[in-house]
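Chemist: Provided below: model.tsv, containing TSV, C-alpha atoms and all ligand atoms.
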```
chain	number	residue	atom	x	y	z
A	91	MET	CA	-7.80	-61.47	-98.52
A	92	LYS	CA	-9.11	-61.09	-94.97
A	93	ARG	CA	-7.44	-58.35	-92.90
A	94	LYS	CA	-5.07	-59.67	-90.23
A	95	HIS	CA	-5.68	-58.67	-86.64
A	96	LYS	CA	-2.83	-56.50	-85.40
A	97	ILE	CA	-1.51	-57.26	-81.92
A	98	VAL	CA	1.16	-55.09	-80.33
A	99	LEU	CA	3.28	-56.52	-77.51
A	100	ILE	CA	5.15	-54.10	-75.25
A	101	ALA	CA	8.49	-54.92	-73.59
A	102	GLY	CA	10.81	-52.49	-71.88
A	103	ALA	CA	12.72	-53.83	-68.91
A	104	ARG	CA	14.61	-57.02	-68.14
A	105	PRO	CA	11.78	-58.96	-66.47
A	106	ASN	CA	9.49	-58.31	-69.46
A	107	PHE	CA	11.55	-60.20	-72.02
A	108	MET	CA	11.08	-63.71	-70.58
A	109	LYS	CA	7.32	-63.09	-70.38
A	110	ILE	CA	6.97	-61.71	-73.91
A	111	ALA	CA	9.07	-64.44	-75.60
A	112	PRO	CA	6.64	-67.38	-75.10
A	113	LEU	CA	3.61	-65.17	-75.78
A	114	ILE	CA	4.87	-63.93	-79.13
A	115	ASN	CA	5.82	-67.49	-80.10
A	116	GLU	CA	2.29	-68.71	-79.44
A	117	LEU	CA	0.62	-65.72	-81.08
A	118	ASP	CA	2.84	-66.11	-84.17
A	119	LYS	CA	1.30	-69.58	-84.66
A	120	ILE	CA	-2.10	-67.98	-85.32
A	121	ARG	CA	-2.13	-67.08	-89.01
A	122	SER	CA	-4.79	-64.43	-88.78
A	123	PHE	CA	-2.61	-62.35	-86.40
A	124	LYS	CA	0.09	-59.86	-87.28
A	125	ASN	CA	2.15	-59.44	-84.11
A	126	ILE	CA	4.30	-56.36	-83.59
A	127	LEU	CA	6.92	-56.14	-80.84
A	128	ILE	CA	7.67	-52.70	-79.40
A	129	HIS	CA	10.71	-52.29	-77.10
A	130	THR	CA	10.50	-49.06	-75.13
A	131	GLY	CA	14.22	-49.03	-74.29
A	132	GLN	CA	13.62	-48.65	-70.53
A	133	HIS	CA	16.53	-51.07	-70.18
A	134	TYR	CA	19.25	-50.59	-72.76
A	135	ASP	CA	22.59	-52.03	-71.47
A	136	TYR	CA	23.71	-55.14	-73.38
A	137	SER	CA	23.47	-57.23	-70.20
A	138	MET	CA	20.00	-55.92	-69.32
A	139	SER	CA	18.41	-56.18	-72.75
A	140	GLU	CA	20.19	-57.53	-75.87
A	141	LEU	CA	21.70	-60.50	-74.03
A	142	PHE	CA	18.15	-61.51	-73.07
A	143	PHE	CA	16.89	-61.31	-76.66
A	144	ARG	CA	19.78	-63.61	-77.62
A	145	ASP	CA	19.25	-66.12	-74.79
A	146	LEU	CA	15.48	-66.21	-75.25
A	147	GLY	CA	15.58	-66.43	-79.04
A	148	LEU	CA	13.30	-63.41	-79.04
A	149	ARG	CA	13.04	-61.77	-82.46
A	150	LYS	CA	14.32	-58.22	-82.93
A	151	PRO	CA	11.78	-55.55	-81.94
A	152	ASP	CA	9.78	-54.10	-84.85
A	153	VAL	CA	9.93	-50.71	-83.13
A	154	TYR	CA	12.53	-49.44	-80.62
A	155	LEU	CA	11.58	-46.31	-78.70
A	156	GLY	CA	14.96	-45.81	-76.98
A	157	VAL	CA	13.60	-43.90	-73.98
A	158	GLY	CA	16.36	-44.81	-71.49
A	159	SER	CA	16.54	-43.93	-67.80
A	160	GLY	CA	15.12	-41.01	-65.86
A	161	THR	CA	12.86	-40.20	-62.94
A	162	HIS	CA	9.57	-42.09	-62.89
A	163	ALA	CA	7.70	-39.13	-64.42
A	164	GLU	CA	10.36	-38.53	-67.08
A	165	GLN	CA	10.62	-42.17	-68.08
A	166	THR	CA	6.86	-42.82	-68.08
A	167	ALA	CA	6.15	-39.60	-69.98
A	168	ARG	CA	8.81	-40.29	-72.63
A	169	ILE	CA	7.37	-43.76	-73.23
A	170	MET	CA	3.84	-42.34	-73.49
A	171	ILE	CA	4.83	-39.66	-76.02
A	172	ALA	CA	6.81	-42.05	-78.24
A	173	LEU	CA	4.32	-44.91	-77.99
A	174	GLU	CA	1.28	-42.77	-78.75
A	175	LYS	CA	2.80	-41.81	-82.12
A	176	GLU	CA	3.49	-45.46	-82.99
A	177	LEU	CA	0.08	-46.73	-81.93
A	178	ILE	CA	-1.69	-44.03	-83.94
A	179	LYS	CA	0.28	-45.25	-87.01
A	180	ILE	CA	-0.17	-48.99	-86.35
A	181	LYS	CA	-3.84	-48.91	-85.23
A	182	PRO	CA	-3.65	-52.23	-83.34
A	183	ASP	CA	-6.69	-54.34	-82.47
A	184	LEU	CA	-5.12	-55.28	-79.15
A	185	VAL	CA	-2.10	-54.28	-77.08
A	186	ILE	CA	-0.56	-56.74	-74.61
A	187	VAL	CA	1.43	-55.57	-71.60
A	188	VAL	CA	3.15	-57.75	-69.00
A	189	GLY	CA	4.17	-57.30	-65.37
A	190	ASP	CA	4.46	-54.02	-63.52
A	191	VAL	CA	7.31	-51.87	-64.83
A	192	ASN	CA	7.00	-48.24	-65.93
A	193	SER	CA	6.73	-49.33	-69.59
A	194	THR	CA	3.62	-51.36	-68.66
A	195	LEU	CA	1.96	-48.40	-66.95
A	196	ALA	CA	2.84	-45.96	-69.74
A	197	ALA	CA	1.43	-48.26	-72.42
A	198	ALA	CA	-1.76	-48.87	-70.44
A	199	ILE	CA	-2.49	-45.14	-70.14
A	200	VAL	CA	-1.79	-44.51	-73.83
A	201	CYS	CA	-4.05	-47.38	-74.94
A	202	SER	CA	-6.86	-46.27	-72.71
A	203	LYS	CA	-6.81	-42.70	-74.12
A	204	LEU	CA	-6.66	-44.04	-77.70
A	205	CYS	CA	-9.49	-46.49	-76.96
A	206	ILE	CA	-7.33	-49.49	-77.90
A	207	ARG	CA	-8.21	-52.80	-76.30
A	208	LEU	CA	-5.65	-53.73	-73.62
A	209	ALA	CA	-4.63	-57.10	-72.17
A	210	HIS	CA	-2.55	-57.37	-68.99
A	211	VAL	CA	-0.54	-60.52	-68.36
A	212	GLU	CA	0.19	-61.07	-64.61
A	213	ALA	CA	-2.87	-59.10	-63.54
A	214	GLY	CA	-4.15	-58.93	-59.96
A	215	LEU	CA	-0.87	-59.34	-58.07
A	216	ARG	CA	-0.88	-57.09	-55.01
A	217	SER	CA	1.71	-56.39	-52.32
A	218	PHE	CA	-0.68	-53.86	-50.70
A	219	ASP	CA	2.33	-51.56	-50.37
A	220	MET	CA	1.72	-48.28	-52.17
A	221	THR	CA	5.31	-47.14	-51.52
A	222	MET	CA	6.40	-49.66	-54.17
A	223	PRO	CA	6.37	-48.05	-57.63
A	224	GLU	CA	5.32	-51.40	-59.11
A	225	GLU	CA	2.18	-51.57	-56.93
A	226	VAL	CA	0.99	-48.26	-58.39
A	227	ASN	CA	1.77	-49.55	-61.89
A	228	ARG	CA	-0.13	-52.80	-61.26
A	229	ILE	CA	-3.26	-51.13	-59.90
A	230	VAL	CA	-3.52	-48.53	-62.67
A	231	THR	CA	-2.77	-51.06	-65.43
A	232	ASP	CA	-5.39	-53.51	-64.13
A	233	ARG	CA	-7.99	-50.74	-63.83
A	234	LEU	CA	-7.46	-49.84	-67.50
A	235	SER	CA	-7.31	-53.40	-68.91
A	236	ASP	CA	-10.02	-55.18	-70.88
A	237	LEU	CA	-8.53	-58.66	-70.50
A	238	LEU	CA	-6.78	-59.66	-67.30
A	239	PHE	CA	-4.67	-62.84	-67.33
A	240	THR	CA	-3.67	-64.07	-63.87
A	241	ILE	CA	-0.91	-66.36	-62.58
A	242	SER	CA	-2.54	-67.52	-59.34
A	243	ALA	CA	-6.01	-68.09	-57.93
A	244	ASP	CA	-5.78	-65.27	-55.35
A	245	SER	CA	-5.13	-62.67	-58.08
A	246	ALA	CA	-8.77	-62.87	-59.21
A	247	ASP	CA	-9.94	-62.25	-55.61
A	248	ASN	CA	-7.85	-59.08	-55.49
A	249	LEU	CA	-9.31	-57.87	-58.78
A	250	ILE	CA	-12.91	-58.66	-57.88
A	251	LYS	CA	-12.53	-56.79	-54.57
A	252	GLU	CA	-11.37	-53.78	-56.61
A	253	GLY	CA	-14.52	-53.98	-58.73
A	254	VAL	CA	-13.16	-55.66	-61.88
A	255	ASP	CA	-15.86	-57.52	-63.84
A	256	ARG	CA	-15.14	-61.22	-63.38
A	257	LYS	CA	-15.86	-61.88	-67.08
A	258	LYS	CA	-12.64	-60.03	-67.95
A	259	ILE	CA	-10.47	-62.24	-65.70
A	260	PHE	CA	-8.80	-65.46	-66.93
A	261	PHE	CA	-6.64	-67.71	-64.75
A	262	THR	CA	-4.06	-68.80	-67.31
A	263	GLY	CA	-0.86	-69.43	-65.30
A	264	ASN	CA	2.68	-68.10	-65.26
A	265	VAL	CA	4.22	-67.23	-68.64
A	266	MET	CA	7.64	-66.81	-67.01
A	267	ILE	CA	7.56	-70.52	-66.19
A	268	ASP	CA	6.84	-71.30	-69.88
A	269	THR	CA	10.24	-69.80	-70.67
A	270	LEU	CA	11.92	-71.55	-67.75
A	271	ILE	CA	10.63	-74.97	-68.81
A	272	LYS	CA	11.72	-74.38	-72.40
A	273	LEU	CA	15.25	-73.23	-71.56
A	274	LYS	CA	15.94	-75.47	-68.54
A	275	PRO	CA	17.75	-78.15	-70.57
A	276	ARG	CA	20.21	-75.53	-71.90
A	277	ALA	CA	20.77	-74.15	-68.41
A	278	GLU	CA	21.36	-77.68	-67.10
A	279	LYS	CA	24.06	-78.30	-69.70
A	280	LEU	CA	25.82	-75.02	-68.95
A	281	ASN	CA	26.78	-75.78	-65.31
A	282	ALA	CA	27.66	-72.10	-64.99
A	283	TYR	CA	28.56	-72.41	-61.29
A	284	LYS	CA	31.87	-74.02	-62.33
A	285	ASN	CA	33.01	-70.67	-63.81
A	286	TYR	CA	32.92	-69.20	-60.30
A	287	GLY	CA	35.08	-71.88	-58.69
A	288	VAL	CA	32.29	-73.07	-56.37
A	289	GLU	CA	30.75	-76.49	-55.76
A	290	ARG	CA	27.25	-77.57	-56.71
A	291	LYS	CA	24.71	-76.88	-53.89
A	292	ASN	CA	27.44	-75.26	-51.85
A	293	TYR	CA	26.91	-71.55	-52.58
A	294	CYS	CA	24.09	-69.02	-52.55
A	295	LEU	CA	22.91	-66.68	-55.28
A	296	VAL	CA	22.02	-63.08	-54.43
A	297	THR	CA	20.17	-60.46	-56.50
A	298	LEU	CA	19.16	-57.00	-55.29
A	299	HIS	CA	17.72	-53.98	-57.04
A	300	ARG	CA	14.59	-52.72	-55.20
A	301	PRO	CA	14.83	-48.98	-54.48
A	302	SER	CA	13.76	-49.63	-50.85
A	303	ASN	CA	16.86	-51.80	-50.40
A	304	VAL	CA	19.50	-50.27	-52.63
A	305	ASP	CA	18.69	-46.54	-52.73
A	306	ASN	CA	18.85	-46.28	-48.94
A	307	ARG	CA	22.37	-46.02	-47.49
A	308	ASP	CA	21.61	-47.80	-44.19
A	309	ASN	CA	19.65	-50.60	-45.80
A	310	ILE	CA	22.19	-51.43	-48.48
A	311	LEU	CA	24.99	-51.34	-45.91
A	312	LYS	CA	23.07	-53.72	-43.64
A	313	ILE	CA	22.54	-56.13	-46.53
A	314	ILE	CA	26.14	-56.03	-47.79
A	315	LYS	CA	27.46	-56.62	-44.28
A	316	ALA	CA	25.16	-59.65	-43.91
A	317	LEU	CA	26.34	-60.97	-47.27
A	318	SER	CA	29.97	-60.64	-46.29
A	319	GLU	CA	29.23	-62.53	-43.06
A	320	ILE	CA	27.54	-65.34	-45.02
A	321	SER	CA	30.51	-65.46	-47.39
A	322	LEU	CA	32.81	-66.46	-44.51
A	323	SER	CA	31.15	-69.90	-44.45
A	324	LEU	CA	29.44	-70.20	-47.86
A	325	PRO	CA	30.42	-68.63	-51.20
A	326	VAL	CA	28.01	-65.91	-52.36
A	327	ILE	CA	27.50	-65.24	-56.09
A	328	PHE	CA	26.17	-61.72	-56.54
A	329	PRO	CA	25.45	-60.42	-60.08
A	330	VAL	CA	25.04	-56.71	-59.43
A	331	HIS	CA	22.18	-54.76	-61.09
A	332	PRO	CA	23.24	-51.33	-62.55
A	333	ARG	CA	21.05	-49.43	-60.07
A	334	THR	CA	22.67	-51.29	-57.18
A	335	LEU	CA	26.20	-50.79	-58.48
A	336	ASN	CA	25.61	-47.04	-59.01
A	337	ASN	CA	24.49	-46.75	-55.38
A	338	ILE	CA	27.29	-48.91	-53.97
A	339	ASP	CA	29.76	-46.60	-55.72
A	340	GLU	CA	27.98	-43.43	-54.67
A	341	PHE	CA	27.92	-44.51	-51.01
A	342	GLY	CA	31.58	-45.64	-51.20
A	343	PHE	CA	30.70	-49.24	-50.25
A	344	ARG	CA	32.71	-51.10	-52.89
A	345	LYS	CA	35.30	-52.03	-50.25
A	346	TYR	CA	32.71	-54.22	-48.50
A	347	LEU	CA	32.43	-56.37	-51.63
A	348	LYS	CA	36.12	-57.21	-51.58
A	349	LYS	CA	35.86	-60.46	-49.61
A	350	PRO	CA	37.25	-63.78	-50.86
A	351	GLY	CA	33.90	-65.62	-50.67
A	352	LEU	CA	31.82	-62.76	-52.08
A	353	ILE	CA	31.80	-63.06	-55.86
A	354	ALA	CA	30.33	-59.85	-57.30
A	355	THR	CA	29.86	-59.88	-61.08
A	356	ALA	CA	28.15	-57.88	-63.83
A	357	PRO	CA	24.48	-58.83	-64.48
A	358	VAL	CA	24.27	-62.19	-66.25
A	359	GLY	CA	22.00	-63.44	-69.03
A	360	TYR	CA	18.86	-65.53	-68.63
A	361	ILE	CA	20.38	-68.96	-69.17
A	362	GLU	CA	23.43	-68.33	-67.01
A	363	ASN	CA	21.25	-66.99	-64.19
A	364	LEU	CA	18.96	-70.00	-64.40
A	365	SER	CA	21.93	-72.33	-64.40
A	366	VAL	CA	23.48	-70.67	-61.33
A	367	MET	CA	20.10	-70.64	-59.55
A	368	MET	CA	19.26	-74.31	-60.14
A	369	ASN	CA	22.55	-75.44	-58.61
A	370	ALA	CA	22.52	-73.02	-55.66
A	371	ARG	CA	21.76	-74.17	-52.11
A	372	PHE	CA	19.44	-71.18	-51.75
A	373	VAL	CA	18.82	-67.68	-53.10
A	374	ILE	CA	18.54	-64.31	-51.41
A	375	THR	CA	16.65	-61.78	-53.51
A	376	ASP	CA	14.26	-58.88	-53.81
A	377	SER	CA	13.24	-59.77	-57.38
A	378	GLY	CA	9.76	-60.95	-58.33
A	379	GLY	CA	10.99	-63.21	-61.11
A	380	ILE	CA	13.43	-65.05	-58.87
A	381	GLN	CA	10.74	-65.68	-56.23
A	382	SER	CA	8.69	-67.41	-58.95
A	383	GLU	CA	11.55	-69.27	-60.60
A	384	SER	CA	12.94	-70.59	-57.31
A	385	THR	CA	9.46	-71.81	-56.29
A	386	PHE	CA	9.17	-73.71	-59.56
A	387	MET	CA	12.64	-75.27	-59.11
A	388	LYS	CA	12.06	-75.85	-55.37
A	389	ILE	CA	15.18	-73.90	-54.41
A	390	PRO	CA	14.83	-72.20	-51.00
A	391	CYS	CA	14.34	-68.44	-51.45
A	392	ILE	CA	14.75	-65.71	-48.84
A	393	THR	CA	13.16	-62.44	-49.90
A	394	LEU	CA	14.54	-59.20	-48.47
A	395	ARG	CA	11.30	-57.25	-48.68
A	396	LYS	CA	8.56	-56.33	-46.20
A	397	ASN	CA	5.94	-57.97	-48.40
A	398	THR	CA	5.43	-59.71	-51.71
A	399	GLU	CA	2.80	-59.53	-54.43
A	400	LEU	CA	3.69	-63.14	-55.25
A	401	THR	CA	1.97	-64.49	-52.13
A	402	VAL	CA	1.61	-67.92	-53.74
A	403	THR	CA	5.41	-68.37	-53.63
A	404	GLU	CA	5.32	-67.99	-49.86
A	405	LYS	CA	2.06	-69.86	-49.18
A	406	ILE	CA	2.86	-72.98	-51.15
A	407	GLY	CA	6.32	-72.39	-52.64
A	408	THR	CA	9.83	-72.19	-51.21
A	409	ASN	CA	9.83	-68.47	-50.46
A	410	THR	CA	10.10	-66.73	-47.06
A	411	VAL	CA	9.72	-62.95	-46.91
A	412	ILE	CA	11.76	-61.44	-44.06
A	413	GLY	CA	12.19	-57.70	-44.70
A	414	LEU	CA	15.62	-56.64	-43.48
A	415	ASP	CA	15.58	-58.85	-40.39
A	416	THR	CA	19.15	-60.12	-40.59
A	417	GLU	CA	18.84	-62.16	-37.37
A	418	ARG	CA	16.02	-64.12	-38.97
A	419	LEU	CA	18.11	-64.40	-42.13
A	420	PHE	CA	20.78	-66.36	-40.28
A	421	VAL	CA	18.20	-68.58	-38.54
A	422	ILE	CA	16.65	-69.49	-41.91
A	423	ILE	CA	20.06	-70.13	-43.45
A	424	ASP	CA	20.79	-72.56	-40.60
A	425	ASP	CA	17.46	-74.32	-41.30
A	426	ILE	CA	18.30	-74.61	-44.98
A	427	MET	CA	21.83	-75.86	-44.38
A	428	SER	CA	20.54	-78.51	-41.95
A	429	ASP	CA	17.73	-79.55	-44.34
A	430	ASN	CA	14.99	-78.30	-42.02
A	431	TYR	CA	13.48	-75.88	-44.50
A	432	LYS	CA	10.07	-76.28	-46.20
A	433	LYS	CA	10.13	-78.19	-49.50
A	434	GLY	CA	7.38	-76.30	-51.37
A	435	ARG	CA	4.97	-77.25	-54.16
A	436	ILE	CA	4.50	-75.93	-57.69
A	437	PRO	CA	1.44	-73.65	-58.08
A	438	LYS	CA	-1.40	-74.58	-60.44
A	439	TYR	CA	-0.87	-73.74	-64.13
A	440	TRP	CA	2.85	-73.14	-63.71
A	441	ASP	CA	3.18	-75.85	-66.31
A	442	GLY	CA	4.66	-74.37	-69.48
A	443	LYS	CA	1.26	-73.82	-71.12
A	444	ALA	CA	0.25	-70.37	-69.87
A	445	SER	CA	1.03	-68.60	-73.18
A	446	GLU	CA	-0.88	-71.25	-75.11
A	447	ARG	CA	-3.94	-70.62	-72.91
A	448	ILE	CA	-3.64	-66.86	-73.36
A	449	ALA	CA	-3.25	-67.13	-77.15
A	450	GLY	CA	-6.29	-69.42	-77.25
A	451	ILE	CA	-8.44	-66.89	-75.38
A	452	ILE	CA	-7.27	-64.02	-77.59
A	453	LYS	CA	-7.97	-66.07	-80.72
A	454	LYS	CA	-11.55	-66.74	-79.60
A	455	LEU	CA	-12.01	-63.04	-79.02
A	456	PHE	CA	-11.38	-62.28	-82.69
A	457	LEU	CA	-13.26	-65.24	-84.22
A	501	LIG	C1	12.92	-51.78	-63.23
A	501	LIG	C2	11.48	-51.98	-62.76
A	501	LIG	C3	11.42	-53.10	-61.72
A	501	LIG	C4	12.09	-54.35	-62.24
A	501	LIG	C5	13.51	-54.00	-62.65
A	501	LIG	C6	14.31	-55.17	-63.14
A	501	LIG	C7	10.05	-49.97	-62.75
A	501	LIG	C8	9.37	-49.00	-61.89
A	501	LIG	N1	10.94	-50.79	-62.14
A	501	LIG	O1	13.67	-51.30	-62.12
A	501	LIG	O2	10.07	-53.38	-61.43
A	501	LIG	O3	12.08	-55.34	-61.25
A	501	LIG	O4	13.44	-53.02	-63.68
A	501	LIG	O5	15.60	-54.74	-63.47
A	501	LIG	O6	9.80	-50.03	-63.93
A	501	LIG	N2	20.26	-48.76	-65.65
A	501	LIG	C9	21.37	-48.95	-66.42
A	501	LIG	N3	21.24	-49.70	-67.55
A	501	LIG	C10	20.06	-50.24	-67.94
A	501	LIG	C11	18.93	-50.01	-67.14
A	501	LIG	C12	19.05	-49.28	-65.99
A	501	LIG	O7	22.47	-48.49	-66.12
A	501	LIG	O8	20.01	-50.93	-68.99
A	501	LIG	C13	20.41	-47.98	-64.40
A	501	LIG	C14	20.16	-46.51	-64.60
A	501	LIG	O9	20.99	-45.80	-63.77
A	501	LIG	C15	18.73	-46.34	-64.13
A	501	LIG	C16	18.66	-47.38	-63.01
A	501	LIG	O10	19.49	-48.45	-63.44
A	501	LIG	O11	18.46	-45.06	-63.69
A	501	LIG	C17	17.27	-47.90	-62.76
A	501	LIG	O12	16.67	-48.37	-63.97
A	501	LIG	P1	15.07	-48.33	-64.11
A	501	LIG	O13	14.60	-48.98	-65.36
A	501	LIG	O14	14.58	-46.95	-63.89
A	501	LIG	O15	14.58	-49.21	-62.89
A	501	LIG	P2	15.09	-50.61	-62.32
A	501	LIG	O16	15.66	-50.36	-60.98
A	501	LIG	O17	15.90	-51.38	-63.31
```
Translate this file's structure into structure tokens.
Ligand code: UD1
Modeler:
Amino acid sequence: MKRKHKIVLIAGARPNFMKIAPLINELDKIRSFKNILIHTGQHYDYSMSELFFRDLGLRKPDVYLGVGSGTHAEQTARIMIALEKELIKIKPDLVIVVGDVNSTLAAAIVCSKLCIRLAHVEAGLRSFDMTMPEEVNRIVTDRLSDLLFTISADSADNLIKEGVDRKKIFFTGNVMIDTLIKLKPRAEKLNAYKNYGVERKNYCLVTLHRPSNVDNRDNILKIIKALSEISLSLPVIFPVHPRTLNNIDEFGFRKYLKKPGLIATAPVGYIENLSVMMNARFVITDSGGIQSESTFMKIPCITLRKNTELTVTEKIGTNTVIGLDTERLFVIIDDIMSDNYKKGRIPKYWDGKASERIAGIIKKLFL
């Protein structure tokens, strides 16, 4: 019998799971592939990890590294040490990494030193802000990758400017949108907003976890105060990320969350989040995934960051990046509430077929 090609897929943190799920589904359809899922354990809380496996119908990881939290160096190093041992045992023909989290970076470095072929899904995104840990992870991962799959046309320009051989770059689309399209009907049925006692299109959804926003006392205070002001006229649903909650507690800011219209909850699963987002009037976020998902669903999105690597969501989608300019925040909210906000279009190849394209390219590689 012919030997199967071994492909390892790496997932570690919450935003990885919705990207890995459609990829592994497509790769599993190719009979000459043996696909192995490794979970680094960067995220480990039920609501940050297991709940996503359940919602996404993602099969249990074949290997769990259980690295947990730590400083960037500690976390990245622990993943590298544990993953190196596994990859030496497995001897994969290809490793696939997604996005820009520390698990992605750690896996890229290990593969490069073991001379294992590496594919990066969501390559070429750049915020041009080296103070963002994810920007460092993106640049290093792309530099070490043999196959670079991009979600938007401008990603290839970024890579070519950095000297990447254009033959390695494939514009395949957004795998996160594959998952969204698949699970949208379930999210539509859920009508999760009703659990919060709010009306459809009459509330906003907020998510925050970027270190630049939530690790800095002044910044997080400014944001929470703005949210409580919004909540006086429009209910705010705010599922709080563990990093954000830890900081709110440490700074003694929990009292600011105790407002009738400010509904702070534990992090929610994929389908519930999608359901709340699709029925919201608008979203306020610093998450990459939510900038993409809101663009696809044409929900207005206000991003509390100085820049974005997902420039396509601002150029043609519904996103506006405003930093921490709270005056501008209220002007934009007025525009949205009076229906004077841009409508947005869906970017090319955000069509539910990105994983199929990627699997097709990988298949050809091994034929
Ligand atoms: C990570 C990613 C970020 C991504 C985000 C989504 C990096 C550099 N950052 O940031 O790009 O957008 O995930 O969530 O990889 N914690 C828990 N339980 C968990 C996970 C984390 O309590 O299951 C707490 C811990 O206190 C931990 C902190 O959150 O120290 C931060 O977690 P970490 O994975 O280091 O980074 P995120 O902020 O989640």
Chemist: Kindly provide, as JSON, numbers by chain, all nucleotide and amino acid residues lying within 9 Å of ligand LIG 501 (chain A), counting only C-alpha atoms and all ligand atoms.
Modeler: {"A": [102, 103, 104, 105, 106, 131, 132, 133, 134, 135, 136, 137, 138, 139, 158, 159, 160, 161, 162, 165, 166, 189, 190, 191, 192, 193, 194, 195, 222, 223, 224, 227, 299, 300, 301, 331, 332, 333, 334, 335, 336, 376, 377, 378, 379]}
Chemist: Distance table requested - segment 91-186 of chain A against segment 198-213 of chain A, cut-off 7 Å, only C-alpha atoms: one row per qualifying residue with the closest atom pair and its distance in Å to one decimal, ordered by chain and rising residue number, as a tab-separated table.
Modeler:
```
residue	atom	partner	partner_atom	distance
A:Met170	CA	A:Val200	CA	6.0
A:Glu174	CA	A:Val200	CA	6.1
A:Asp183	CA	A:Arg207	CA	6.5
A:Leu184	CA	A:Arg207	CA	4.9
A:Val185	CA	A:Leu208	CA	5.0
A:Ile186	CA	A:Ala209	CA	4.8
```
Chemist: Residues near segment 439-455 of chain A, anyone? I mean within 6 Å using all atoms listed in the file, not counting same-chain ones fewer than 4 positions away, as an NGL selection string.
Modeler: :A and (113 or 116-117 or 262-265 or 267-268)
Chemist: Residues within 8 Å of Phe260 of chain A, please, as a list in words. Count all atoms listed in the file; anything in the same chain fewer than 3 positions from it doesn't count.
Modeler: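 Answer for this query is Leu237, Leu238, Phe239, Thr240 and Lys257 of chain A.
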Chemist: Which residue is closest to Thr355 of chain A? Choose from A:Lys396, A:Asn285, A:Asp145, A:Thr375 and count all atoms listed in the file.
Modeler: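 Looking at the shortest contact to Thr355 of chain A, the residue is A:Asn285.
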Chemist: Name all residues at most 6 Å from segment 398-401 of chain A (count only C-alpha atoms; drop same-chain ones fewer than 3 positions away) and give them as a ChimeraX atom specification.
Modeler: /A:215-217,404
Chemist: Write out as a ChimeraX atom specification each polymer residue whose atoms come within 12 Å of Asp118 of chain A, counting all atoms listed in the file; drop sequence neighbours fewer than 5 positions from it.
Modeler: /A:94-99,110-113,123-127,148-149,445-446,449-450,453
Chemist: Rank nothing, just name the residue among A:Glu225, A:Asp305, A:Glu164, A:Glu319 nearest to Glu340 of chain A, using all atoms listed in the file.
Modeler: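 Among A:Glu225, A:Asp305, A:Glu164, A:Glu319, it is A:Asp305 that comes nearest to Glu340 of chain A.
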Chemist: Quick one: distance from atom CA of Asp424 of chain A to atom CA of Pro350 of chain A in Å, one decimal?
Modeler: 21.3 Å
Chemist: Would you work out the distance separating atom CA of Ile313 of chain A from atom CA of Gln381 of chain A, expressed in Å to one decimal?
Modeler: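 About the pair atom CA of Ile313 of chain A and atom CA of Gln381 of chain A: they are 18.0 Å apart.
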Chemist: Once you add 8 Å to each side, what are the centre and edge lengths of the axis-aligned box holding all listed atoms of segment 215-231 of chain A? One decimal in Å, as lines of an AutoDock Vina configuration file, if you can.
Modeler:
```
center_x = 1.4
center_y = -53.2
center_z = -57.9
size_x = 25.9
size_y = 28.2
size_z = 31.1
```
Chemist: Pick out the residues sitting within 12 Å of Thr416 of chain A, and hand them over as a list of chain:residue names; count only C-alpha atoms, and ignore anything fewer than 6 positions along from it in its own chain.
Modeler: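 Neighbouring residues, sequence-local ones excluded: A:Asn309, A:Leu311, A:Lys312, A:Ile313, A:Ile314, A:Lys315, A:Ala316, A:Leu317, A:Glu319, A:Ile320, A:Ile374, A:Ile392, A:Thr393, A:Leu394, A:Arg395, A:Ile422, A:Ile423.
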Chemist: When distances are computed from all atoms listed in the file, which of A:Met387, A:Ala101, A:Ala277, A:Leu352 shows the smallest separation from Val296 of chain A?
Modeler: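 Result for the nearest residue to Val296 of chain A: A:Leu352.
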Chemist: Between atom CA of Thr297 of chain A and atom CA of Gly214 of chain A, measure the distance and give it in Å to one decimal.
Modeler: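 These atoms are spaced 24.6 Å apart.
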Chemist: Closest to Leu273 of chain A among A:Met108, A:Gly351, A:Phe372, A:Ala356, using all atoms listed in the file?
Modeler: A:Met108
Chemist: Which residue is closest to Glu278 of chain A? Choose from A:Glu362, A:Asp415, A:Asp244, A:Asp429 and count only C-alpha atoms.
Modeler: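 Closest to Glu278 of chain A, using only C-alpha atoms: A:Glu362.
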Chemist: In terms of the shortest atom-to-atom distance over only C-alpha atoms, which of A:Val373, A:Asp152, A:Val402, A:Gly359 is closest to Leu298 of chain A?
Modeler: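 Of all the options, A:Val373 lies closest to Leu298 of chain A.
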